[in-house]
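Heads up: the structure comes next, in structure tokens.
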Amino acid sequence: MIDISPRRFEELVSEAIDLIPAELADLIDNVVFLVEDEGELPDLLGLYDGIPLTEREAYGVGELPDRIFIYRRPICSICETPDEVVHEVITTVVHEVAHHFGIDDDRLHELGWG
């Protein structure tokens, strides 16, 4: 386990978001990224809470934004080095953004983003 300060962890999440290719980033619609110490489940690294783009036919004007949570403590708890934290943050951001695009966990695992 490694401890990364909340501020540095937020920077890592921001850097991971910046790695999303522009052509995909432009398609992300009405999403806010949130960094929290942990979620309701202690081993959950991230969470997408929203309506995937593939299911948005009932999505209306004025909807609250979808939320992508990235959880600092669980990620730090499975990492032993700062480089591992960077890698896990990137993987978690990609994983949760994929859910926004309607990609499920089974497909993500097939693609190596489990």
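Following the order of the structure tokens, chains are lettered A, B, ..., residues in each are numbered from 1, and ligands are numbered from 1.
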**Study point:** Long-range neighbours of Glu88 (chain A) as a ChimeraX atom specification, 12 Å cut-off, only C-alpha atoms, 5 positions minimum in chain
**Key:** /A:9,12-13,16,45-46,70-83,93-95,113-114
Practice item. Could you give me, as a list in words, each residue of chain A that DSSP assigns to strand (DSSP E or B) when run on this structure's backbone? Key: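 Here are the strand (DSSP E or B) residues of chain A: Val31, Val32, Phe33, Leu34, Val35, Glu36, Gly46, Leu47, Tyr48, Asp49, Asp66, Arg67, Ile68, Phe69, Ile70 and Tyr71 of chain A.
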With N, CA and C atoms retained, write the just-selected residues as a CSV table (one decimal), in the first residue's frame.
chain,number,residue,atom,x,y,z
A,31,VAL,N,-20.9,14.9,-18.2
A,31,VAL,CA,-20.3,14.1,-17.2
A,31,VAL,C,-19.4,14.9,-16.3
A,32,VAL,N,-19.4,14.7,-15.0
A,32,VAL,CA,-18.5,15.3,-14.1
A,32,VAL,C,-17.7,14.2,-13.4
A,33,PHE,N,-16.4,14.5,-13.3
A,33,PHE,CA,-15.5,13.5,-12.6
A,33,PHE,C,-15.3,14.0,-11.2
A,34,LEU,N,-15.4,13.1,-10.3
A,34,LEU,CA,-15.3,13.4,-8.8
A,34,LEU,C,-14.3,12.4,-8.2
A,35,VAL,N,-13.4,13.0,-7.4
A,35,VAL,CA,-12.4,12.2,-6.6
A,35,VAL,C,-12.9,12.1,-5.2
A,36,GLU,N,-13.0,10.9,-4.6
A,36,GLU,CA,-13.4,10.8,-3.2
A,36,GLU,C,-12.4,9.8,-2.6
A,46,GLY,N,-13.6,2.7,-8.7
A,46,GLY,CA,-14.3,3.8,-9.4
A,46,GLY,C,-15.7,3.4,-9.7
A,47,LEU,N,-16.5,4.3,-10.1
A,47,LEU,CA,-17.9,4.1,-10.3
A,47,LEU,C,-18.4,5.1,-11.3
A,48,TYR,N,-19.2,4.5,-12.3
A,48,TYR,CA,-19.9,5.4,-13.3
A,48,TYR,C,-21.4,5.4,-12.8
A,49,ASP,N,-21.9,6.6,-12.6
A,49,ASP,CA,-23.3,6.7,-12.2
A,49,ASP,C,-24.0,7.6,-13.2
A,66,ASP,N,-24.1,13.0,-15.5
A,66,ASP,CA,-23.6,11.7,-15.1
A,66,ASP,C,-22.4,12.0,-14.2
A,67,ARG,N,-22.0,11.0,-13.3
A,67,ARG,CA,-20.9,11.2,-12.5
A,67,ARG,C,-19.9,10.0,-12.6
A,68,ILE,N,-18.7,10.3,-12.6
A,68,ILE,CA,-17.6,9.3,-12.6
A,68,ILE,C,-16.8,9.5,-11.3
A,69,PHE,N,-16.9,8.6,-10.4
A,69,PHE,CA,-16.1,8.7,-9.2
A,69,PHE,C,-14.9,7.9,-9.3
A,70,ILE,N,-13.8,8.4,-8.8
A,70,ILE,CA,-12.5,7.7,-8.7
A,70,ILE,C,-12.1,7.8,-7.2
A,71,TYR,N,-11.9,6.6,-6.7
A,71,TYR,CA,-11.7,6.4,-5.2
A,71,TYR,C,-10.2,6.3,-4.9
Exercise for review: Mind the document's chain letters and residue numbers, and return as a list in words the residues of region 14-85 of chain A that DSSP labels helix (DSSP H, G or I).
Suggested key: Ser14, Glu15, Ala16, Ile17, Asp18, Ala22, Glu23, Leu24, Ala25, Leu53, Thr54, Glu55, Arg56, Glu57, Ala58, Arg72, Arg73, Pro74, Ile75, Cys76, Ser77, Pro82, Asp83, Glu84 and Val85 of chain A
Exercise for review: Please provide the set of residues having any atom within 12 Å of Leu27 (chain A), restricted to only C-alpha atoms, with same-chain residues fewer than 2 positions apart removed, written as a list in words.
Suggested key: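 Close residues of Leu27 (chain A): Ile20, Pro21, Ala22, Glu23, Leu24, Ala25, Asp29, Asn30, Val31, Pro52, Leu53, Thr54, Val97, Ala98, His100 and Phe101 of chain A.
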Review point. Using only C-alpha atoms, which of the listed residues (A:Thr91, A:Glu96, A:Pro42, A:Glu11) sits closest to Gly112 (chain A)?
Key: A:Thr91
Point to revise | Top pick for closest residue to Glu84 (chain A), considering A:Glu110, A:Gly50, A:Ile4, A:Leu19 and counting only C-alpha atoms | key: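 Among A:Glu110, A:Gly50, A:Ile4, A:Leu19, it is A:Ile4 that comes nearest to Glu84 (chain A).
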**Study point:** Closest of A:Leu44, A:Leu64, A:Ile28, A:Val85 to Ser5 (chain A) - atom-to-atom distances counting only C-alpha atoms
**Key:**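 Of A:Leu44, A:Leu64, A:Ile28, A:Val85, the one nearest Ser5 (chain A) is A:Val85, counting only C-alpha atoms.
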Revision key, fill the gap. Using only C-alpha atoms, the shortest atom-to-atom distance to His87 (chain A) among A:Pro6, A:His99, A:Glu15, A:Met1 belongs to A:Glu15
